[in-house]
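K.L.:
Supplied structure: work.cif, mmCIF, C-alpha atoms.
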```cif
data_upload
loop_
_atom_site.label_atom_id
_atom_site.label_comp_id
_atom_site.auth_asym_id
_atom_site.auth_seq_id
_atom_site.Cartn_x
_atom_site.Cartn_y
_atom_site.Cartn_z
CA MET A 5 -19.10 6.92 -6.84
CA GLU A 6 -16.24 9.39 -6.42
CA TYR A 7 -13.76 9.88 -9.26
CA ARG A 8 -10.17 11.02 -9.07
CA ASN A 9 -7.48 11.86 -11.58
CA LEU A 10 -5.05 9.01 -12.18
CA GLY A 11 -1.88 10.62 -10.93
CA ALA A 12 -1.04 13.79 -12.83
CA SER A 13 -2.94 12.63 -15.91
CA GLY A 14 -6.32 13.84 -17.09
CA LEU A 15 -7.84 10.37 -16.87
CA ARG A 16 -10.64 10.25 -14.29
CA VAL A 17 -11.00 6.89 -12.57
CA PRO A 18 -13.40 5.63 -9.89
CA VAL A 19 -12.00 5.39 -6.37
CA LEU A 20 -12.95 1.71 -6.47
CA SER A 21 -11.97 -0.41 -9.44
CA PHE A 22 -12.57 -4.09 -10.06
CA GLY A 23 -9.78 -6.67 -10.23
CA THR A 24 -10.50 -9.64 -12.47
CA GLY A 25 -8.05 -12.11 -10.94
CA THR A 26 -11.11 -14.15 -9.93
CA PHE A 27 -12.11 -14.65 -13.58
CA GLY A 28 -11.10 -18.03 -14.98
CA GLY A 29 -9.72 -19.86 -11.96
CA GLN A 30 -6.83 -21.68 -13.60
CA GLY A 31 -3.76 -22.79 -11.64
CA PRO A 32 -3.17 -23.21 -7.89
CA LEU A 33 -3.21 -19.49 -7.06
CA PHE A 34 -5.99 -18.18 -9.28
CA SER A 35 -8.30 -21.14 -8.70
CA ALA A 36 -8.16 -20.26 -4.98
CA TRP A 37 -8.94 -16.62 -5.75
CA GLY A 38 -12.10 -17.45 -7.68
CA ARG A 39 -13.58 -19.35 -10.61
CA SER A 40 -15.97 -16.89 -12.23
CA GLY A 41 -17.05 -17.95 -15.70
CA ALA A 42 -18.49 -15.73 -18.43
CA ASP A 43 -22.04 -15.53 -17.06
CA GLU A 44 -21.04 -14.74 -13.48
CA ALA A 45 -18.38 -12.30 -14.68
CA ARG A 46 -20.93 -10.42 -16.75
CA ARG A 47 -23.20 -10.17 -13.71
CA LEU A 48 -20.34 -8.78 -11.60
CA VAL A 49 -19.50 -6.28 -14.33
CA ASP A 50 -23.18 -5.26 -14.43
CA ILE A 51 -23.16 -4.57 -10.69
CA CYS A 52 -19.94 -2.57 -10.97
CA LEU A 53 -21.27 -0.38 -13.75
CA GLU A 54 -24.52 0.22 -11.86
CA ALA A 55 -22.41 1.47 -8.94
CA GLY A 56 -20.22 3.68 -11.14
CA VAL A 57 -17.19 1.36 -11.13
CA ASN A 58 -16.00 1.46 -14.74
CA LEU A 59 -12.30 0.55 -14.40
CA PHE A 60 -11.50 -3.16 -14.74
CA ASP A 61 -7.98 -4.44 -14.10
CA SER A 62 -6.55 -7.67 -15.46
CA ALA A 63 -3.19 -9.22 -16.44
CA ASP A 64 -1.99 -11.72 -19.00
CA VAL A 65 -0.78 -14.07 -16.25
CA TYR A 66 -4.20 -14.24 -14.59
CA SER A 67 -5.31 -17.78 -15.42
CA SER A 68 -2.89 -17.79 -18.39
CA GLY A 69 -4.94 -15.24 -20.29
CA GLY A 70 -8.29 -16.67 -19.19
CA SER A 71 -9.12 -13.60 -17.11
CA GLU A 72 -8.70 -11.28 -20.09
CA GLU A 73 -10.80 -13.56 -22.29
CA ILE A 74 -13.67 -13.65 -19.79
CA LEU A 75 -13.46 -9.89 -19.18
CA GLY A 76 -13.60 -9.32 -22.92
CA ALA A 77 -16.73 -11.43 -23.18
CA ALA A 78 -18.32 -9.67 -20.17
CA ILE A 79 -17.90 -6.20 -21.65
CA LYS A 80 -18.79 -7.11 -25.21
CA GLY A 81 -21.09 -4.50 -26.72
CA ARG A 82 -20.22 -1.84 -24.15
CA ARG A 83 -16.54 -1.16 -24.67
CA ASP A 84 -17.23 2.58 -24.70
CA LYS A 85 -18.59 2.42 -21.14
CA VAL A 86 -15.51 0.87 -19.51
CA LEU A 87 -11.84 1.50 -18.87
CA ILE A 88 -9.60 -1.53 -19.36
CA SER A 89 -6.31 -1.90 -17.55
CA THR A 90 -4.09 -4.90 -18.01
CA LYS A 91 -0.54 -5.87 -17.10
CA MET A 92 2.31 -7.80 -18.71
CA SER A 93 6.02 -8.62 -18.25
CA LEU A 94 5.78 -11.64 -15.92
CA PRO A 95 6.55 -15.06 -17.44
CA MET A 96 3.86 -16.62 -19.62
CA GLY A 97 5.97 -19.67 -20.47
CA ASP A 98 9.41 -21.22 -20.11
CA GLY A 99 10.95 -19.86 -23.31
CA PRO A 100 13.51 -17.03 -23.50
CA LEU A 101 10.95 -14.73 -25.15
CA ASP A 102 8.10 -15.51 -22.76
CA ALA A 103 8.97 -12.94 -20.08
CA GLY A 104 10.16 -9.38 -19.68
CA SER A 105 9.52 -6.03 -21.34
CA SER A 106 11.64 -6.18 -24.50
CA ARG A 107 10.29 -4.59 -27.66
CA HIS A 108 9.63 -8.05 -29.05
CA ARG A 109 7.78 -9.19 -25.95
CA LEU A 110 5.72 -6.04 -25.48
CA LEU A 111 4.56 -5.81 -29.08
CA ASN A 112 3.54 -9.47 -29.16
CA SER A 113 1.97 -9.36 -25.68
CA VAL A 114 -0.10 -6.26 -26.42
CA GLU A 115 -1.38 -7.82 -29.63
CA ALA A 116 -2.33 -11.02 -27.77
CA ALA A 117 -4.05 -9.09 -24.95
CA LEU A 118 -6.09 -7.03 -27.43
CA HIS A 119 -7.25 -10.25 -29.11
CA ARG A 120 -8.26 -11.85 -25.80
CA LEU A 121 -10.05 -8.71 -24.64
CA GLY A 122 -11.81 -8.15 -27.97
CA THR A 123 -10.71 -4.54 -28.30
CA ASP A 124 -8.34 -2.48 -30.41
CA TYR A 125 -6.92 -0.33 -27.61
CA LEU A 126 -6.07 -0.42 -23.90
CA ASP A 127 -6.90 2.49 -21.61
CA LEU A 128 -3.99 1.62 -19.32
CA LEU A 129 -1.08 -0.78 -19.76
CA GLN A 130 1.06 -1.50 -16.72
CA LEU A 131 4.37 -3.35 -16.65
CA HIS A 132 3.85 -6.09 -14.07
CA ALA A 133 7.49 -6.07 -12.94
CA PHE A 134 10.77 -4.30 -13.68
CA ASP A 135 12.83 -6.03 -16.37
CA ALA A 136 16.49 -5.54 -15.43
CA PHE A 137 17.67 -7.27 -18.61
CA THR A 138 16.06 -4.77 -21.01
CA PRO A 139 17.32 -1.18 -21.28
CA VAL A 140 14.84 1.38 -19.97
CA GLU A 141 15.20 3.23 -23.29
CA GLU A 142 13.97 0.19 -25.22
CA VAL A 143 10.96 -0.26 -22.94
CA LEU A 144 9.90 3.39 -23.06
CA SER A 145 10.46 3.82 -26.79
CA THR A 146 8.26 0.78 -27.42
CA LEU A 147 5.53 2.19 -25.22
CA ASP A 148 5.87 5.52 -27.04
CA THR A 149 5.32 3.72 -30.37
CA LEU A 150 2.18 2.05 -29.02
CA VAL A 151 0.80 5.29 -27.55
CA ARG A 152 1.41 7.19 -30.79
CA ALA A 153 -0.36 4.41 -32.70
CA GLY A 154 -3.43 4.78 -30.45
CA THR A 155 -3.08 1.25 -29.11
CA LEU A 156 -2.38 2.50 -25.58
CA ARG A 157 -3.92 5.55 -23.94
CA TYR A 158 -1.87 5.62 -20.72
CA VAL A 159 1.04 3.63 -19.27
CA GLY A 160 2.00 2.61 -15.76
CA VAL A 161 3.89 0.04 -13.74
CA SER A 162 3.37 -2.38 -10.89
CA ASN A 163 5.62 -3.46 -8.03
CA PHE A 164 8.59 -1.25 -9.03
CA ALA A 165 11.22 -0.15 -6.55
CA GLY A 166 11.68 3.58 -6.08
CA TRP A 167 14.89 3.81 -8.11
CA GLN A 168 13.39 1.77 -10.95
CA LEU A 169 10.38 4.05 -11.22
CA MET A 170 12.40 7.26 -10.88
CA LYS A 171 14.95 6.17 -13.50
CA SER A 172 12.10 5.43 -15.91
CA LEU A 173 10.40 8.78 -15.26
CA ALA A 174 13.65 10.68 -15.74
CA MET A 175 14.33 8.91 -19.04
CA ALA A 176 10.77 9.58 -20.23
CA ASP A 177 11.21 13.28 -19.48
CA ARG A 178 14.58 13.39 -21.22
CA ARG A 179 13.27 11.80 -24.42
CA ALA A 180 9.73 13.23 -24.33
CA TRP A 181 8.27 9.73 -24.10
CA PRO A 182 5.03 8.93 -22.19
CA ARG A 183 5.41 9.09 -18.41
CA TYR A 184 4.10 6.43 -16.11
CA VAL A 185 0.99 7.89 -14.48
CA ALA A 186 0.06 4.86 -12.34
CA HIS A 187 1.83 2.50 -9.98
CA GLN A 188 -0.11 -0.60 -8.95
CA VAL A 189 1.10 -1.35 -5.43
CA TYR A 190 0.42 -3.50 -2.41
CA TYR A 191 -0.92 -1.25 0.34
CA SER A 192 -3.12 -2.04 3.33
CA LEU A 193 -3.37 -1.57 7.06
CA LEU A 194 -1.21 -4.69 7.27
CA GLY A 195 1.30 -3.55 4.66
CA ARG A 196 2.35 0.10 4.85
CA ASP A 197 5.78 -0.23 3.19
CA TYR A 198 4.43 1.82 0.25
CA GLU A 199 4.58 4.91 2.48
CA TRP A 200 8.33 4.79 3.06
CA GLU A 201 9.62 5.73 -0.40
CA LEU A 202 7.07 5.08 -3.12
CA MET A 203 4.41 7.41 -1.72
CA PRO A 204 6.75 10.44 -1.41
CA LEU A 205 7.98 9.69 -4.95
CA ALA A 206 4.40 9.48 -6.19
CA ARG A 207 3.48 12.82 -4.62
CA ASP A 208 6.53 14.50 -6.09
CA GLN A 209 6.20 12.99 -9.58
CA GLY A 210 2.43 12.79 -10.00
CA VAL A 211 2.06 9.02 -10.06
CA GLY A 212 -1.28 7.68 -8.84
CA ALA A 213 -1.48 4.53 -6.75
CA LEU A 214 -3.75 1.70 -7.83
CA VAL A 215 -3.92 -0.42 -4.70
CA TRP A 216 -3.94 -4.21 -4.92
CA SER A 217 -4.87 -6.53 -2.06
CA PRO A 218 -6.37 -3.77 0.12
CA LEU A 219 -7.54 -6.39 2.63
CA GLY A 220 -4.05 -7.67 3.37
CA TRP A 221 -4.14 -10.78 1.18
CA GLY A 222 -7.56 -11.75 2.54
CA ARG A 223 -6.76 -11.25 6.21
CA LEU A 224 -8.96 -8.18 6.80
CA THR A 225 -12.24 -9.75 5.75
CA GLY A 226 -13.69 -9.90 9.26
CA ASN A 227 -13.32 -13.67 9.44
CA ILE A 228 -9.93 -13.82 11.16
CA ARG A 229 -9.72 -13.02 14.85
CA ARG A 230 -7.54 -13.69 17.85
CA GLY A 231 -7.91 -17.16 19.37
CA GLN A 232 -9.97 -18.54 16.49
CA PRO A 233 -8.85 -21.05 13.85
CA LEU A 234 -8.60 -20.01 10.22
CA PRO A 235 -12.07 -20.50 8.70
CA GLN A 236 -12.40 -23.56 6.50
CA ASN A 237 -13.54 -21.48 3.52
CA SER A 238 -10.60 -19.04 3.70
CA ARG A 239 -8.46 -18.93 0.57
CA LEU A 240 -5.44 -18.43 2.83
CA HIS A 241 -5.22 -22.21 3.22
CA ALA A 242 -4.09 -22.35 -0.41
CA THR A 243 -2.60 -18.90 -1.02
CA ALA A 244 -0.86 -17.69 2.16
CA GLN A 245 2.58 -18.76 0.87
CA PHE A 246 2.19 -16.56 -2.22
CA GLY A 247 1.46 -13.33 -0.35
CA PRO A 248 3.19 -10.84 1.96
CA LEU A 249 4.40 -12.03 5.35
CA VAL A 250 2.31 -10.94 8.33
CA ASP A 251 2.99 -10.59 12.06
CA GLU A 252 -0.02 -12.32 13.60
CA GLN A 253 -0.06 -10.27 16.81
CA ARG A 254 -0.04 -7.06 14.78
CA LEU A 255 -2.86 -8.47 12.64
CA TYR A 256 -4.98 -9.19 15.70
CA ALA A 257 -4.33 -5.74 17.16
CA ILE A 258 -5.46 -4.11 13.90
CA VAL A 259 -8.56 -6.32 13.76
CA ASP A 260 -9.44 -5.31 17.34
CA VAL A 261 -9.49 -1.63 16.33
CA LEU A 262 -11.39 -2.42 13.13
CA ASP A 263 -14.01 -4.28 15.16
CA ALA A 264 -14.45 -1.29 17.46
CA ILE A 265 -14.90 1.07 14.51
CA VAL A 266 -17.38 -1.35 12.92
CA VAL A 267 -19.53 -0.98 16.02
CA GLU A 268 -19.23 2.81 15.88
CA THR A 269 -20.04 3.13 12.17
CA GLY A 270 -22.36 0.22 11.45
CA ARG A 271 -20.05 -0.78 8.58
CA THR A 272 -18.13 -4.01 7.96
CA VAL A 273 -14.45 -4.76 8.53
CA PRO A 274 -13.62 -4.70 4.78
CA GLN A 275 -15.48 -1.43 4.31
CA VAL A 276 -13.56 0.25 7.13
CA ALA A 277 -10.20 -1.09 5.90
CA ILE A 278 -10.87 0.18 2.36
CA ALA A 279 -12.19 3.53 3.59
CA TRP A 280 -8.91 4.05 5.47
CA LEU A 281 -7.00 3.52 2.23
CA LEU A 282 -9.21 6.02 0.40
CA SER A 283 -8.11 8.67 2.90
CA ARG A 284 -4.40 8.20 2.09
CA PRO A 285 -2.32 10.51 -0.12
CA THR A 286 -1.63 9.52 -3.76
CA VAL A 287 -4.30 6.78 -3.83
CA SER A 288 -6.24 7.14 -7.08
CA SER A 289 -8.20 3.88 -6.88
CA VAL A 290 -8.46 0.80 -4.68
CA ILE A 291 -8.82 -2.44 -6.62
CA ILE A 292 -11.47 -4.68 -5.12
CA GLY A 293 -11.97 -8.31 -6.06
CA ALA A 294 -14.95 -10.56 -5.44
CA ARG A 295 -15.75 -14.21 -5.86
CA ASP A 296 -19.49 -13.56 -5.77
CA GLU A 297 -22.14 -10.85 -5.79
CA ALA A 298 -22.43 -10.61 -2.00
CA GLN A 299 -18.72 -9.97 -1.56
CA LEU A 300 -18.73 -7.37 -4.32
CA ARG A 301 -21.70 -5.48 -2.89
CA ASP A 302 -20.08 -5.43 0.55
CA ASN A 303 -16.85 -3.96 -0.85
CA LEU A 304 -18.81 -1.34 -2.78
CA GLY A 305 -20.13 -0.15 0.59
CA ALA A 306 -16.72 1.36 1.33
CA VAL A 307 -17.69 4.56 -0.53
CA GLY A 308 -20.27 7.23 0.22
CA TRP A 309 -19.12 7.86 3.79
CA SER A 310 -15.92 8.76 5.64
CA LEU A 311 -14.06 7.78 8.75
CA SER A 312 -13.71 10.42 11.44
CA ALA A 313 -10.33 11.99 12.16
CA ASP A 314 -10.19 10.08 15.46
CA GLN A 315 -10.95 6.75 13.75
CA ILE A 316 -8.25 7.35 11.16
CA LYS A 317 -5.79 8.23 13.91
CA ARG A 318 -6.52 5.00 15.79
CA LEU A 319 -6.03 2.93 12.65
CA ASP A 320 -2.84 4.83 11.85
CA GLU A 321 -1.43 4.18 15.29
CA VAL A 322 -2.29 0.50 15.59
CA SER A 323 -0.94 -0.32 12.13
CA ALA A 324 2.22 1.80 12.29
CA VAL A 325 5.62 0.12 12.11
CA MET A 326 9.10 1.58 12.35
CA PRO A 327 10.54 1.66 8.82
CA PRO A 328 14.06 0.37 8.12
CA TYR A 329 17.11 2.46 7.36
CA PRO A 330 17.41 4.95 5.71
CA TYR A 331 13.81 5.92 6.44
CA TYR A 332 13.63 5.73 10.22
CA PRO A 333 15.84 8.78 10.99
CA TYR A 334 13.16 10.97 9.46
CA ARG A 335 10.65 9.59 11.94
CA ILE A 336 12.62 9.85 15.17
CA GLN A 337 15.06 12.75 14.82
CA GLU A 338 13.79 16.31 14.85
CA GLY A 339 16.53 17.66 12.60
CA PHE A 340 15.78 15.16 9.86
CA THR A 341 12.03 15.74 10.18
CA ARG A 342 12.44 19.49 9.69
CA LEU A 343 14.29 18.84 6.44
CA ASN A 344 12.17 15.90 5.27
CA PRO A 345 8.52 16.18 6.29
CA PRO A 346 6.71 12.83 6.37
CA ALA A 347 4.61 11.90 3.35
CA VAL A 348 1.54 11.17 5.44
#
```
Will you turn the file into structure tokens for me?
P.N.:
Amino acid sequence: MEYRNLGASGLRVPVLSFGTGTFGGQGPLFSAWGRSGADEARRLVDICLEAGVNLFDSADVYSSGGSEEILGAAIKGRRDKVLISTKMSLPMGDGPLDAGSSRHRLLNSVEAALHRLGTDYLDLLQLHAFDAFTPVEEVLSTLDTLVRAGTLRYVGVSNFAGWQLMKSLAMADRRAWPRYVAHQVYYSLLGRDYEWELMPLARDQGVGALVWSPLGWGRLTGNIRRGQPLPQNSRLHATAQFGPLVDEQRLYAIVDVLDAIVVETGRTVPQVAIAWLLSRPTVSSVIIGARDEAQLRDNLGAVGWSLSADQIKRLDEVSAVMPPYPYYPYRIQEGFTRLNPPAV
């Protein structure tokens, strides 16, 4: 397993980490993702640790806390061997105090997460969404209190817009509060929006990307191809409406190139798609999920080898899209390009 620094921090993380959204299986979305109970979860954690994957990512909203509870049981007795990342800020109920990143909410949510996970500290806490109703100063000062108390080791965010992240980083610098070192983002061959603004920001500010849904919301598994119906066992039947929109013709074109590279490398479609991500700037770790041992072992096969420069170029070209304003002038006008070199 390869390890990289998480952004500009000193924390070394594996290039593949394990997402525990499949633990618990409560609710329409998470039950379609997976239904791993304590025994199966422990087996998946065992396999990860054997492969050198020691970073496990969860969130309080995953199965209404069930994911954290099962992860806590799976790592019991070996807390010192793992890194735990969890997220909070999304609604956990219908009450006025059940969502957001206020001091009240964060302090209570961290305490609840620690109890579910069976630990007294979190290696990484990420805000699951930007809370526009709470001043940035209140959020960061609360995180500073938790870091100084030893409850949190590092802090990050997920799904922030560029201005939201930059405003937070500037305020942290001004007040000498902890900086966000991680940004958990959607990024895949099917979804390259991260490159337009968030990747250049990450390079400039030292924020490492933790990539979620690297297989395009389950579309780059090797089971979806042109002219074929969606497989009966695909979770997309139940979850497609919750995920990013996809142009089907672009999907099929990407899959065609993936298939060709599979033949050339002897790898699988998911392994090639993940390997492409591992070659991208600012990516600290790609979060893989698995409903069973076979799927996990296949995803783990994305490391230990590299795509050739020609293969990366072909994947770059087939998956490229013209970004919207104000980003496209930098791609098509020489004068802008000389002043603003592309991030990739």
K.L.:
Apply the PyMOL selection byres ((chain A and resi 282) around 12) to the structure shown and report the selected residues as a PyMOL selection string.
P.N.:
chain A and resi 6-8+18-20+191-193+213-215+218+275-281+283-291+306-311+316
K.L.:
Output C-alpha atoms of each residue in that selection to a file, as a CSV table (one decimal), in the frame of the given file.
P.N.:
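This is the output file part-v2.csv:
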```csv
chain,number,residue,atom,x,y,z
A,6,GLU,CA,-16.2,9.4,-6.4
A,7,TYR,CA,-13.8,9.9,-9.3
A,8,ARG,CA,-10.2,11.0,-9.1
A,18,PRO,CA,-13.4,5.6,-9.9
A,19,VAL,CA,-12.0,5.4,-6.4
A,20,LEU,CA,-13.0,1.7,-6.5
A,191,TYR,CA,-0.9,-1.2,0.3
A,192,SER,CA,-3.1,-2.0,3.3
A,193,LEU,CA,-3.4,-1.6,7.1
A,213,ALA,CA,-1.5,4.5,-6.8
A,214,LEU,CA,-3.8,1.7,-7.8
A,215,VAL,CA,-3.9,-0.4,-4.7
A,218,PRO,CA,-6.4,-3.8,0.1
A,275,GLN,CA,-15.5,-1.4,4.3
A,276,VAL,CA,-13.6,0.2,7.1
A,277,ALA,CA,-10.2,-1.1,5.9
A,278,ILE,CA,-10.9,0.2,2.4
A,279,ALA,CA,-12.2,3.5,3.6
A,280,TRP,CA,-8.9,4.0,5.5
A,281,LEU,CA,-7.0,3.5,2.2
A,283,SER,CA,-8.1,8.7,2.9
A,284,ARG,CA,-4.4,8.2,2.1
A,285,PRO,CA,-2.3,10.5,-0.1
A,286,THR,CA,-1.6,9.5,-3.8
A,287,VAL,CA,-4.3,6.8,-3.8
A,288,SER,CA,-6.2,7.1,-7.1
A,289,SER,CA,-8.2,3.9,-6.9
A,290,VAL,CA,-8.5,0.8,-4.7
A,291,ILE,CA,-8.8,-2.4,-6.6
A,306,ALA,CA,-16.7,1.4,1.3
A,307,VAL,CA,-17.7,4.6,-0.5
A,308,GLY,CA,-20.3,7.2,0.2
A,309,TRP,CA,-19.1,7.9,3.8
A,310,SER,CA,-15.9,8.8,5.6
A,311,LEU,CA,-14.1,7.8,8.8
A,316,ILE,CA,-8.2,7.4,11.2
```
K.L.:
Any idea what the distance is between atom CA of Val161 of chain A and atom CA of Glu54 of chain A?
P.N.:
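Computed distance, atom CA of Val161 of chain A to atom CA of Glu54 of chain A, equals 28.5 Å.
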K.L.:
Using the chain letters and numbers from this file, what does the PyMOL selection byres ((chain A and resi 322-330) around 7) select? Give the answer as a PyMOL selection string.
P.N.:
chain A and resi 193-194+200+257-258+318-321+331-333
K.L.:
Since we have the selection now, will you write its residues out, keeping C-alpha atoms, as a PDB file, keeping the file's coordinate frame?
P.N.:
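The resulting out38.pdb:
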```
ATOM      1  CA  LEU A 193      -3.370  -1.570   7.060  1.00  0.00           C
ATOM      2  CA  LEU A 194      -1.210  -4.690   7.270  1.00  0.00           C
ATOM      3  CA  TRP A 200       8.330   4.790   3.060  1.00  0.00           C
ATOM      4  CA  ALA A 257      -4.330  -5.740  17.160  1.00  0.00           C
ATOM      5  CA  ILE A 258      -5.460  -4.110  13.900  1.00  0.00           C
ATOM      6  CA  ARG A 318      -6.520   5.000  15.790  1.00  0.00           C
ATOM      7  CA  LEU A 319      -6.030   2.930  12.650  1.00  0.00           C
ATOM      8  CA  ASP A 320      -2.840   4.830  11.850  1.00  0.00           C
ATOM      9  CA  GLU A 321      -1.430   4.180  15.290  1.00  0.00           C
ATOM     10  CA  TYR A 331      13.810   5.920   6.440  1.00  0.00           C
ATOM     11  CA  TYR A 332      13.630   5.730  10.220  1.00  0.00           C
ATOM     12  CA  PRO A 333      15.840   8.780  10.990  1.00  0.00           C
TER      13      PRO A 333
END
```
K.L.:
If we count only C-alpha atoms and set the cut-off at 12 Å, which residues sit around Gln130 of chain A, ignoring sequence neighbours fewer than 2 positions away in its own chain? Please answer as a PyMOL selection string.
P.N.:
chain A and resi 61-64+88-94+105+110+113-114+126-128+132-134+143-144+147+156-164+183-189+213-214
K.L.:
Which distance in Å separates atom CA of Phe22 of chain A and atom CA of Tyr198 of chain A, to one decimal?
P.N.:
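These atoms are spaced 20.7 Å apart.
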K.L.:
Do you have the atom CA of Phe60 of chain A-atom CA of Ala206 of chain A distance handy?
P.N.:
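Computed distance, atom CA of Phe60 of chain A to atom CA of Ala206 of chain A, equals 22.0 Å.
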K.L.:
Using all atoms listed in the file, which of the listed residues (A:Lys80, A:Val267, A:Ser68, A:Leu75) sits closest to Gly97 of chain A?
P.N.:
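Among A:Lys80, A:Val267, A:Ser68, A:Leu75, it is A:Ser68 that comes nearest to Gly97 of chain A.
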K.L.:
Name the residues that the PyMOL selection byres ((chain A and resi 52) around 12) pulls out of this structure, and write them as a PyMOL selection string.
P.N.:
chain A and resi 5+18+20-24+45-51+53-60+78-79+85-86+291-294+297+300-305
K.L.:
Which centre and which edge lengths, in Å to one decimal, describe the axis-aligned box that holds all listed atoms of segment 219-225 of chain A after 5 Å is added on each side, as AutoDock Vina command-line options?
P.N.:
```
--center_x -8.1 --center_y -9.1 --center_z 4.0 --size_x 18.2 --size_y 15.4 --size_z 15.6
```
K.L.:
Can you work out which one of A:Arg229, A:Val151, A:Thr272, A:Ala264 has the shortest atom-to-atom distance to Glu252 of chain A, counting all atoms listed in the file?
P.N.:
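For Glu252 of chain A, the nearest of the given residues is A:Arg229.
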K.L.:
I need the residue nearest Leu15 of chain A from this list: A:Thr138, A:Gln168, A:Leu87, A:Arg223. Use all atoms listed in the file for the distance.
P.N.:
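Using all atoms listed in the file, the shortest distance to Leu15 of chain A belongs to A:Leu87.
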K.L.:
Counting all atoms listed in the file, note down every residue that has an atom within 12 Å of the point (13.7, 6.4, -11.7) (file coordinates), as a ChimeraX atom specification.
P.N.:
/A:134,140,161,164-178,183-184,202,205-206,209
K.L.:
Pull the neighbourhood of (-11.3, -10.7, 20.4) for me: all residues within 10 Å in file coordinates, counting only C-alpha atoms, as a VMD selection string.
P.N.:
chain A and resid 228 to 232 256 to 257 259 to 260 263
K.L.:
For C-alpha atoms, I'd like the residues from the last selection saved as a PDB file, keeping the file's coordinate frame.
P.N.:
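Result written to part_7.pdb:
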```
ATOM      1  CA  ILE A 228      -9.930 -13.820  11.160  1.00  0.00           C
ATOM      2  CA  ARG A 229      -9.720 -13.020  14.850  1.00  0.00           C
ATOM      3  CA  ARG A 230      -7.540 -13.690  17.850  1.00  0.00           C
ATOM      4  CA  GLY A 231      -7.910 -17.160  19.370  1.00  0.00           C
ATOM      5  CA  GLN A 232      -9.970 -18.540  16.490  1.00  0.00           C
ATOM      6  CA  TYR A 256      -4.980  -9.190  15.700  1.00  0.00           C
ATOM      7  CA  ALA A 257      -4.330  -5.740  17.160  1.00  0.00           C
ATOM      8  CA  VAL A 259      -8.560  -6.320  13.760  1.00  0.00           C
ATOM      9  CA  ASP A 260      -9.440  -5.310  17.340  1.00  0.00           C
ATOM     10  CA  ASP A 263     -14.010  -4.280  15.160  1.00  0.00           C
TER      11      ASP A 263
END
```
